[in-house]
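S.K.: Below is the file start_1.cif, which contains mmCIF, C-alpha atoms and all ligand atoms.
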```cif
data_entry
loop_
_atom_site.label_atom_id
_atom_site.label_comp_id
_atom_site.auth_asym_id
_atom_site.auth_seq_id
_atom_site.Cartn_x
_atom_site.Cartn_y
_atom_site.Cartn_z
CA MET A 33 15.01 -5.74 -24.62
CA LYS A 34 13.85 -7.32 -27.82
CA SER A 35 10.94 -4.92 -28.11
CA LEU A 36 13.22 -1.96 -27.38
CA LEU A 37 15.56 -3.10 -30.15
CA THR A 38 12.59 -3.48 -32.47
CA VAL A 39 11.46 0.03 -31.67
CA LEU A 40 14.95 1.41 -32.29
CA PHE A 41 15.17 -0.48 -35.56
CA LEU A 42 11.82 0.87 -36.73
CA ALA A 43 12.73 4.41 -35.77
CA ALA A 44 16.05 4.20 -37.58
CA ALA A 45 14.53 2.68 -40.67
CA TRP A 46 11.77 5.28 -41.14
CA PRO A 47 10.41 5.85 -43.71
CA ALA A 48 11.78 3.07 -45.92
CA ALA A 49 10.50 0.36 -43.56
CA ALA A 50 7.84 2.40 -41.85
CA ALA A 51 5.34 -0.39 -41.53
CA PRO A 52 6.91 -3.80 -42.03
CA ALA A 53 3.80 -5.55 -40.64
CA VAL A 54 1.88 -4.58 -43.76
CA ARG A 55 2.31 -6.83 -46.73
CA ASN A 56 -0.79 -5.86 -48.72
CA VAL A 57 -2.85 -2.73 -49.20
CA ILE A 58 -6.43 -2.56 -50.44
CA LEU A 59 -7.24 0.92 -51.73
CA VAL A 60 -11.00 1.43 -51.77
CA THR A 61 -12.53 4.43 -53.52
CA ILE A 62 -16.19 5.40 -53.23
CA ASP A 63 -17.04 7.82 -56.02
CA GLY A 64 -18.68 11.05 -54.86
CA LEU A 65 -19.69 9.95 -51.36
CA ARG A 66 -19.84 13.15 -49.31
CA TRP A 67 -18.16 13.69 -45.95
CA GLN A 68 -21.49 15.03 -44.74
CA GLU A 69 -23.07 11.55 -44.91
CA VAL A 70 -19.93 9.70 -43.78
CA PHE A 71 -19.79 11.69 -40.51
CA GLY A 72 -23.41 12.73 -40.09
CA GLY A 73 -25.48 10.02 -41.76
CA ALA A 74 -28.62 10.76 -43.73
CA ASP A 75 -29.77 14.37 -44.15
CA ALA A 76 -33.48 14.64 -43.25
CA ALA A 77 -33.90 17.65 -45.57
CA LEU A 78 -33.14 15.46 -48.59
CA ILE A 79 -35.60 12.70 -47.76
CA ASP A 80 -38.38 14.29 -49.79
CA LYS A 81 -39.63 14.54 -53.36
CA ASP A 82 -38.33 17.97 -54.43
CA ASN A 83 -34.81 18.00 -52.98
CA GLY A 84 -33.98 14.33 -52.79
CA GLY A 85 -36.18 12.85 -55.50
CA VAL A 86 -37.43 10.24 -53.03
CA PRO A 87 -40.82 8.81 -54.11
CA GLU A 88 -43.62 9.62 -51.64
CA GLY A 89 -44.23 5.98 -50.87
CA ALA A 90 -40.59 5.32 -49.96
CA GLN A 91 -40.05 8.24 -47.57
CA ALA A 92 -41.42 6.80 -44.32
CA ALA A 93 -39.39 3.61 -44.55
CA LEU A 94 -36.27 5.57 -45.45
CA ARG A 95 -36.70 7.87 -42.43
CA ARG A 96 -37.22 4.86 -40.16
CA GLU A 97 -34.10 3.18 -41.45
CA PHE A 98 -31.66 6.09 -41.59
CA LEU A 99 -32.75 8.92 -39.28
CA ALA A 100 -31.86 9.17 -35.60
CA ALA A 101 -31.32 11.92 -33.03
CA THR A 102 -27.58 12.45 -33.37
CA PRO A 103 -25.03 12.41 -36.22
CA GLU A 104 -23.21 9.58 -34.41
CA GLU A 105 -26.35 7.41 -34.43
CA ARG A 106 -27.25 8.27 -38.02
CA ARG A 107 -23.82 7.47 -39.42
CA VAL A 108 -23.80 4.06 -37.75
CA ARG A 109 -27.09 3.31 -39.48
CA LEU A 110 -25.58 4.27 -42.82
CA MET A 111 -22.13 2.68 -42.45
CA PRO A 112 -22.14 0.22 -39.52
CA PHE A 113 -18.97 -1.64 -40.51
CA PHE A 114 -17.01 1.54 -41.13
CA TRP A 115 -17.92 3.03 -37.76
CA SER A 116 -17.37 -0.16 -35.80
CA THR A 117 -13.99 -0.84 -37.41
CA VAL A 118 -12.15 2.32 -38.43
CA PRO A 119 -12.15 4.14 -35.06
CA ALA A 120 -10.97 1.00 -33.26
CA SER A 121 -8.19 0.04 -35.67
CA GLY A 122 -7.43 3.12 -37.73
CA GLN A 123 -8.21 6.76 -38.36
CA VAL A 124 -10.70 8.87 -40.23
CA PHE A 125 -10.16 12.47 -41.32
CA GLY A 126 -12.49 15.07 -42.77
CA ASN A 127 -15.19 15.85 -40.21
CA ARG A 128 -15.37 19.64 -40.55
CA ALA A 129 -17.67 19.80 -37.54
CA ARG A 130 -14.59 18.71 -35.57
CA ALA A 131 -12.03 20.87 -37.39
CA SER A 132 -10.62 18.07 -39.51
CA ARG A 133 -10.40 18.91 -43.21
CA VAL A 134 -9.59 16.84 -46.28
CA GLU A 135 -9.76 18.36 -49.74
CA VAL A 136 -8.80 17.73 -53.33
CA ARG A 137 -5.85 19.68 -54.64
CA ASN A 138 -7.02 19.71 -58.28
CA LEU A 139 -9.23 22.60 -59.33
CA GLU A 140 -11.91 20.55 -61.10
CA ASN A 141 -13.68 18.55 -58.36
CA ILE A 142 -14.55 15.81 -60.86
CA SER A 143 -13.55 12.19 -61.19
CA TYR A 144 -10.61 11.75 -63.59
CA PRO A 145 -8.68 14.71 -62.12
CA GLY A 146 -9.51 13.33 -58.65
CA TYR A 147 -8.40 9.76 -59.30
CA ASN A 148 -5.31 11.00 -61.13
CA GLU A 149 -4.48 13.08 -58.06
CA LEU A 150 -4.95 10.33 -55.53
CA LEU A 151 -3.13 7.70 -57.62
CA THR A 152 -0.17 9.87 -58.70
CA GLY A 153 0.26 12.14 -55.69
CA ARG A 154 -0.29 15.41 -57.48
CA ALA A 155 -2.91 17.38 -59.37
CA ASP A 156 -2.27 17.69 -63.10
CA PRO A 157 -3.82 20.85 -64.60
CA LEU A 158 -3.75 19.17 -68.01
CA ILE A 159 -6.22 16.57 -66.75
CA SER A 160 -9.25 18.80 -66.51
CA SER A 161 -12.11 16.64 -67.76
CA ASN A 162 -13.35 13.05 -67.72
CA THR A 163 -12.31 12.50 -71.35
CA PRO A 164 -10.67 9.05 -71.34
CA ILE A 165 -7.22 10.04 -72.56
CA PRO A 166 -4.42 7.60 -71.65
CA ASN A 167 -2.89 9.10 -68.51
CA PRO A 168 0.57 10.60 -69.25
CA ASN A 169 1.35 10.34 -65.51
CA VAL A 170 2.61 7.19 -63.81
CA THR A 171 0.40 6.05 -60.94
CA VAL A 172 1.73 4.62 -57.71
CA LEU A 173 0.12 1.34 -58.81
CA GLU A 174 2.19 1.21 -62.01
CA TRP A 175 5.36 2.13 -60.09
CA LEU A 176 4.81 -0.47 -57.35
CA HIS A 177 4.23 -3.08 -60.04
CA GLY A 178 7.84 -2.57 -61.16
CA ARG A 179 9.24 -2.90 -57.62
CA PRO A 180 10.72 -6.18 -56.36
CA GLY A 181 7.99 -8.49 -55.08
CA TYR A 182 5.09 -6.85 -56.90
CA ALA A 183 5.26 -8.20 -60.47
CA GLY A 184 1.82 -9.58 -61.33
CA ARG A 185 0.57 -8.65 -57.86
CA VAL A 186 -1.01 -5.23 -58.51
CA ALA A 187 -4.54 -5.00 -59.91
CA ALA A 188 -7.67 -2.86 -60.05
CA VAL A 189 -11.40 -3.51 -60.32
CA ALA A 190 -13.62 -0.53 -60.99
CA GLN A 191 -17.21 0.47 -61.63
CA TRP A 192 -16.19 3.18 -64.12
CA ARG A 193 -14.79 2.43 -67.55
CA VAL A 194 -12.41 5.43 -67.54
CA PHE A 195 -10.13 3.63 -65.06
CA THR A 196 -8.49 1.82 -67.98
CA SER A 197 -7.31 5.29 -69.11
CA ILE A 198 -6.52 6.65 -65.63
CA ILE A 199 -4.18 3.69 -65.00
CA ASN A 200 -3.11 3.75 -68.66
CA VAL A 201 -3.33 0.00 -69.24
CA GLY A 202 -1.68 0.38 -72.65
CA ARG A 203 1.52 1.44 -70.90
CA SER A 204 1.20 0.05 -67.36
CA ARG A 205 0.03 -3.42 -68.50
CA LEU A 206 -1.80 -3.73 -65.20
CA PRO A 207 -4.88 -5.92 -64.98
CA VAL A 208 -7.64 -3.31 -64.71
CA TRP A 209 -11.13 -4.80 -64.80
CA VAL A 210 -14.02 -2.38 -65.36
CA THR A 211 -17.77 -2.96 -65.52
CA ASP A 212 -19.72 -2.88 -68.77
CA THR A 213 -16.64 -3.66 -70.88
CA PRO A 214 -15.96 -7.25 -72.02
CA LEU A 215 -12.34 -8.40 -71.85
CA PRO A 216 -10.71 -9.40 -75.17
CA ALA A 217 -11.89 -12.81 -76.38
CA GLY A 218 -10.18 -15.71 -74.65
CA THR A 219 -8.66 -13.66 -71.80
CA ALA A 220 -11.44 -13.74 -69.20
CA SER A 221 -11.63 -16.45 -66.54
CA PRO A 222 -14.86 -18.50 -66.44
CA ARG A 223 -16.09 -16.40 -63.50
CA LEU A 224 -15.37 -13.09 -65.26
CA ARG A 225 -17.11 -14.42 -68.40
CA GLU A 226 -20.11 -15.21 -66.23
CA LEU A 227 -20.08 -11.64 -64.85
CA GLU A 228 -19.94 -10.31 -68.41
CA ARG A 229 -23.04 -12.31 -69.31
CA TRP A 230 -24.92 -10.90 -66.30
CA MET A 231 -23.84 -7.35 -67.13
CA LYS A 232 -25.11 -7.80 -70.67
CA ASP A 233 -28.48 -9.08 -69.46
CA ILE A 234 -29.00 -6.41 -66.78
CA PRO A 235 -29.30 -2.89 -68.21
CA PRO A 236 -26.71 -0.52 -66.67
CA ILE A 237 -27.83 2.69 -64.99
CA THR A 238 -25.86 4.74 -67.51
CA GLY A 239 -23.35 3.82 -70.20
CA GLY A 240 -19.74 3.13 -69.21
CA GLU A 241 -20.59 2.00 -65.71
CA HIS A 242 -22.58 -0.79 -64.08
CA PHE A 243 -23.55 -1.88 -60.58
CA ASP A 244 -21.05 -2.06 -57.71
CA ALA A 245 -22.13 -5.66 -57.12
CA PHE A 246 -20.12 -6.61 -60.21
CA VAL A 247 -17.06 -4.77 -58.89
CA GLN A 248 -17.37 -6.74 -55.67
CA ALA A 249 -17.62 -10.07 -57.50
CA ALA A 250 -14.63 -9.15 -59.67
CA ALA A 251 -12.63 -8.20 -56.56
CA TYR A 252 -13.07 -11.68 -55.11
CA GLU A 253 -12.07 -13.22 -58.43
CA HIS A 254 -8.91 -11.10 -58.66
CA ILE A 255 -7.96 -11.85 -55.06
CA GLY A 256 -8.41 -15.57 -55.67
CA ARG A 257 -6.47 -15.72 -58.93
CA LEU A 258 -3.76 -13.07 -58.57
CA LYS A 259 -3.32 -12.73 -54.80
CA PRO A 260 -2.62 -9.03 -55.35
CA ARG A 261 -0.47 -7.22 -52.79
CA VAL A 262 -2.03 -3.97 -53.97
CA LEU A 263 -5.64 -3.95 -55.12
CA LEU A 264 -7.70 -0.91 -56.04
CA VAL A 265 -11.43 -1.51 -55.55
CA ALA A 266 -13.33 1.44 -57.04
CA TYR A 267 -17.04 1.60 -56.21
CA GLY A 268 -19.20 4.14 -58.02
CA GLU A 269 -22.93 3.90 -57.41
CA PRO A 270 -23.23 6.69 -54.81
CA ASP A 271 -22.13 9.18 -57.49
CA THR A 272 -24.43 7.70 -60.10
CA TRP A 273 -27.54 7.94 -57.90
CA ALA A 274 -26.67 11.41 -56.62
CA HIS A 275 -26.47 12.71 -60.19
CA ALA A 276 -29.86 11.14 -60.79
CA ARG A 277 -31.22 13.04 -57.72
CA ARG A 278 -32.24 9.87 -55.94
CA TYR A 279 -31.21 10.41 -52.33
CA ASP A 280 -32.84 7.11 -51.31
CA ARG A 281 -30.68 5.15 -53.72
CA TYR A 282 -27.62 7.23 -52.87
CA LEU A 283 -28.03 6.25 -49.20
CA GLN A 284 -28.68 2.63 -50.07
CA ALA A 285 -25.61 2.58 -52.35
CA ALA A 286 -23.44 4.01 -49.55
CA GLN A 287 -24.82 1.43 -47.13
CA ARG A 288 -24.10 -1.30 -49.69
CA CYS A 289 -20.52 -0.09 -50.13
CA ASP A 290 -20.14 -0.41 -46.36
CA ARG A 291 -21.44 -3.98 -46.47
CA PHE A 292 -19.15 -4.79 -49.41
CA LEU A 293 -16.26 -3.39 -47.41
CA ARG A 294 -17.13 -5.63 -44.45
CA GLU A 295 -17.48 -8.70 -46.64
CA LEU A 296 -14.21 -7.94 -48.41
CA TRP A 297 -12.42 -7.45 -45.09
CA GLU A 298 -13.84 -10.69 -43.66
CA HIS A 299 -12.88 -12.55 -46.83
CA LEU A 300 -9.31 -11.25 -46.62
CA GLN A 301 -9.07 -12.27 -42.96
CA SER A 302 -9.98 -15.84 -43.98
CA LEU A 303 -6.97 -16.06 -46.30
CA PRO A 304 -3.48 -16.74 -44.86
CA GLU A 305 -1.85 -14.42 -47.44
CA TYR A 306 -3.87 -11.50 -46.10
CA ARG A 307 -4.82 -12.18 -42.49
CA GLY A 308 -3.18 -9.68 -40.16
CA THR A 309 -0.96 -8.22 -42.87
CA THR A 310 -3.44 -6.18 -44.92
CA ALA A 311 -4.19 -2.48 -44.49
CA VAL A 312 -7.13 -0.65 -46.06
CA VAL A 313 -7.17 2.96 -47.29
CA ILE A 314 -10.53 4.51 -48.23
CA SER A 315 -11.17 7.74 -50.13
CA PRO A 316 -13.73 9.35 -52.40
CA ASP A 317 -12.57 11.23 -55.54
CA HIS A 318 -14.38 14.53 -54.92
CA GLY A 319 -17.09 16.07 -52.74
CA ARG A 320 -20.49 17.41 -53.78
CA GLY A 321 -22.62 20.50 -53.29
CA THR A 322 -24.10 21.18 -49.86
CA GLU A 323 -27.39 22.81 -50.81
CA CYS A 324 -30.75 21.21 -51.52
CA HIS A 325 -30.44 22.14 -55.20
CA ASP A 326 -26.79 21.20 -55.81
CA TRP A 327 -26.01 18.20 -53.56
CA THR A 328 -26.48 16.14 -56.72
CA SER A 329 -23.53 17.72 -58.47
CA HIS A 330 -19.88 18.64 -58.16
CA GLY A 331 -17.24 20.50 -60.16
CA LYS A 332 -15.46 23.82 -60.03
CA LYS A 333 -18.76 25.72 -60.22
CA ILE A 334 -20.25 23.83 -57.28
CA PRO A 335 -19.19 25.44 -53.98
CA ARG A 336 -17.50 23.15 -51.44
CA SER A 337 -17.33 20.16 -53.78
CA GLU A 338 -13.57 20.10 -53.10
CA GLU A 339 -14.31 18.91 -49.55
CA THR A 340 -13.67 15.20 -49.02
CA TRP A 341 -12.71 12.67 -46.32
CA LEU A 342 -10.22 9.87 -45.88
CA ALA A 343 -9.92 6.75 -43.73
CA ALA A 344 -7.42 3.97 -43.16
CA PHE A 345 -7.36 0.97 -40.87
CA GLY A 346 -5.51 -2.25 -40.20
CA PRO A 347 -1.96 -3.18 -39.25
CA GLY A 348 0.67 -0.46 -39.63
CA ILE A 349 -1.83 2.28 -38.76
CA ALA A 350 -2.02 3.94 -35.34
CA PRO A 351 -5.57 3.52 -33.94
CA ARG A 352 -6.25 7.19 -33.24
CA GLY A 353 -9.89 6.96 -34.36
CA GLU A 354 -11.90 9.93 -35.61
CA ARG A 355 -9.50 12.83 -35.79
CA GLU A 356 -10.18 16.36 -34.59
CA GLY A 357 -8.26 19.56 -35.16
CA THR A 358 -5.84 18.13 -37.70
CA PRO A 359 -3.83 20.02 -40.31
CA VAL A 360 -5.46 19.98 -43.75
CA ILE A 361 -4.94 16.73 -45.65
CA VAL A 362 -5.02 16.69 -49.43
CA GLN A 363 -6.28 13.82 -51.54
CA ALA A 364 -2.91 13.73 -53.33
CA GLN A 365 -1.41 12.22 -50.16
CA VAL A 366 -3.16 8.92 -50.81
CA ALA A 367 -0.52 7.68 -53.29
CA ALA A 368 2.44 8.10 -50.93
CA THR A 369 0.39 6.76 -48.02
CA VAL A 370 -0.37 3.50 -49.88
CA ALA A 371 3.35 3.17 -50.71
CA ALA A 372 4.53 4.05 -47.19
CA LEU A 373 2.28 1.39 -45.64
CA LEU A 374 4.24 -1.10 -47.75
CA GLY A 375 7.57 0.47 -46.75
CA GLU A 376 7.99 2.13 -50.15
CA ASP A 377 8.82 5.79 -50.77
CA TRP A 378 6.74 7.22 -53.62
CA PRO A 379 7.80 10.91 -53.31
CA ALA A 380 11.45 9.81 -53.60
CA ALA A 381 10.62 8.08 -56.88
CA SER A 382 8.27 10.80 -58.09
CA PRO A 383 9.56 14.20 -56.94
CA GLY A 384 6.77 16.65 -56.30
CA ALA A 385 4.34 13.99 -55.15
CA GLU A 386 2.66 14.87 -51.85
CA PRO A 387 4.01 13.06 -48.77
CA ALA A 388 2.29 10.24 -46.92
CA ILE A 389 -0.04 11.20 -44.05
CA ALA A 390 2.49 11.05 -41.23
CA ASP A 391 -0.24 11.09 -38.56
CA LEU A 392 -1.46 7.69 -39.68
CA PHE A 393 1.68 5.90 -38.59
CA PRO A 394 2.53 4.76 -35.07
ZN ZN B 401 -19.95 12.60 -60.54
#
```
How does this structure look as structure tokens?
M.R.:
Amino acid sequence: MKSLLTVLFLAAAWPAAAAPAVRNVILVTIDGLRWQEVFGGADAALIDKDNGGVPEGAQAALRREFLAATPEERRVRLMPFFWSTVPASGQVFGNRARASRVEVRNLENISYPGYNELLTGRADPLISSNTPIPNPNVTVLEWLHGRPGYAGRVAAVAQWRVFTSIINVGRSRLPVWVTDTPLPAGTASPRLRELERWMKDIPPITGGEHFDAFVQAAAYEHIGRLKPRVLLVAYGEPDTWAHARRYDRYLQAAQRCDRFLRELWEHLQSLPEYRGTTAVVISPDHGRGTECHDWTSHGKKIPRSEETWLAAFGPGIAPRGEREGTPVIVQAQVAATVAALLGEDWPAASPGAEPAIADLFP
């Protein structure tokens, strides 16, 4: 009887209390990681010098590590945690070989428009470049921060400096930590100061971004100090190495993101504030080209770089595994999905925002 009453209560309370078991959400973004690798693993055609930029001497070891007979075997080699965890306790969308499509709604297929879309719930045609203008739009992070129970408990750590603009820290006042940018004097914890020293001593790959390892270290520090109920962890190296036409490093970066995800998840399960009450949503910000010459790039001139993927797992999410034959999902649905997992209604607060992904919920 009790369970029947619980079921009736949940049904009646939808969507305001859609998932009361979830107290925290970790939103993980992996910049520019293609659905082709997520679902199919490494592409043998890119493990070479001309297409993939893989040094001759590194090719044999890379093939041994990442290639296998089937897409299902290859993807487990690339992302073992993802494929052992998401199908069993969540869902993943975007495998076009199985008629599941995820795409960006913005017309640019680049990062700022993509992150704006997934954090605000809609594409903004005025955000059409990566120029770090303070975002005029309110993100779901900023909105949640003003809701009861979230003050001081929403944060972001990111590999890309532009996140301070995307989340408009001048207005939102959210703690947004980005690599390669020292915090104002006297405001960093001893651990973050230590990370800043390491980042200064290790040359970044390109300006305005540094290694994902620093994002991971900063994530632990923010979890320990702030106990955030909503944390954005934004990895970026797969995009960096793809632009550099280094398919070996792109694969290794994706594999590292998977390991970071496992370690983050295991860390959260060791903490009473998070164990059993934390859901994870994972998304890239755009796709990439599909040809040997343009897999490195993305943007409105690169065909099919609007194609992405999306995953979520943990409490509050129906374990329907890898989805097939689903209606098209747009990246803009991420914002409302994060809110709905917490029992909050973002489209009601921000009319025009795309709805949560209803299929995710029990
Ligand atoms: Zn890029």
S.K.: Measure the distance from CA of Val265 (chain A) to CA of Phe292 (chain A) in Å and round it to one decimal.
M.R.: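 If I compute the distance from CA of Val265 (chain A) to CA of Phe292 (chain A), I get 10.4 Å.
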S.K.: List as an MDAnalysis selection string the protein and nucleic acid residues lying within 7 Å of ligand ZN 401 (chain B), with all atoms listed in the file counted.
M.R.: chainID A and resid 64 142:143 271:272 275 329:330
S.K.: Limited to C-alpha atoms, could you put the picked residues into a file as a compact mmCIF listing (two decimals), keeping the file's coordinate frame?
M.R.:
```
# COMPACT_ATOMS: atom_id res chain seq x y z
CA GLY A 64 -18.68 11.05 -54.86
CA ILE A 142 -14.55 15.81 -60.86
CA SER A 143 -13.55 12.19 -61.19
CA ASP A 271 -22.13 9.18 -57.49
CA THR A 272 -24.43 7.70 -60.10
CA HIS A 275 -26.47 12.71 -60.19
CA SER A 329 -23.53 17.72 -58.47
CA HIS A 330 -19.88 18.64 -58.16
```
S.K.: Would you pick out the contacts of Cys289 (chain A) at 9 Å or less, using only C-alpha atoms, so that residues sharing its chain but fewer than 3 positions from it are not included, and give the list as a list in words?
M.R.: Ile62, Met111, Asp244, Tyr267, Glu269, Pro270, Gln284, Ala285, Ala286, Phe292, Leu293 and Arg294 of chain A
S.K.: Can you work out the spacing between CA of Gly184 (chain A) and CA of Arg205 (chain A) in Å, to one decimal?
M.R.: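 If I compute the distance from CA of Gly184 (chain A) to CA of Arg205 (chain A), I get 9.6 Å.
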S.K.: Within 6 Å of Val186 (chain A), counting only C-alpha atoms, which residues qualify if same-chain residues fewer than 2 places away don't, as a PyMOL selection string?
M.R.: chain A and resi 177+184+260+262-263
S.K.: Using all atoms listed in the file, list the residues that have an atom at most 8 Å from (-9.7, 11.9, -52.3), coordinates as in the file, as a PyMOL selection string.
M.R.: chain A and resi 134-136+146-147+149-150+315-318+340-342+362-364+366
S.K.: Smallest atom-to-atom distance to Phe114 (chain A): which of A:Ala350, A:Ala217, A:Leu227, A:Val312, using only C-alpha atoms?
M.R.: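 Using only C-alpha atoms, the shortest distance to Phe114 (chain A) belongs to A:Val312.
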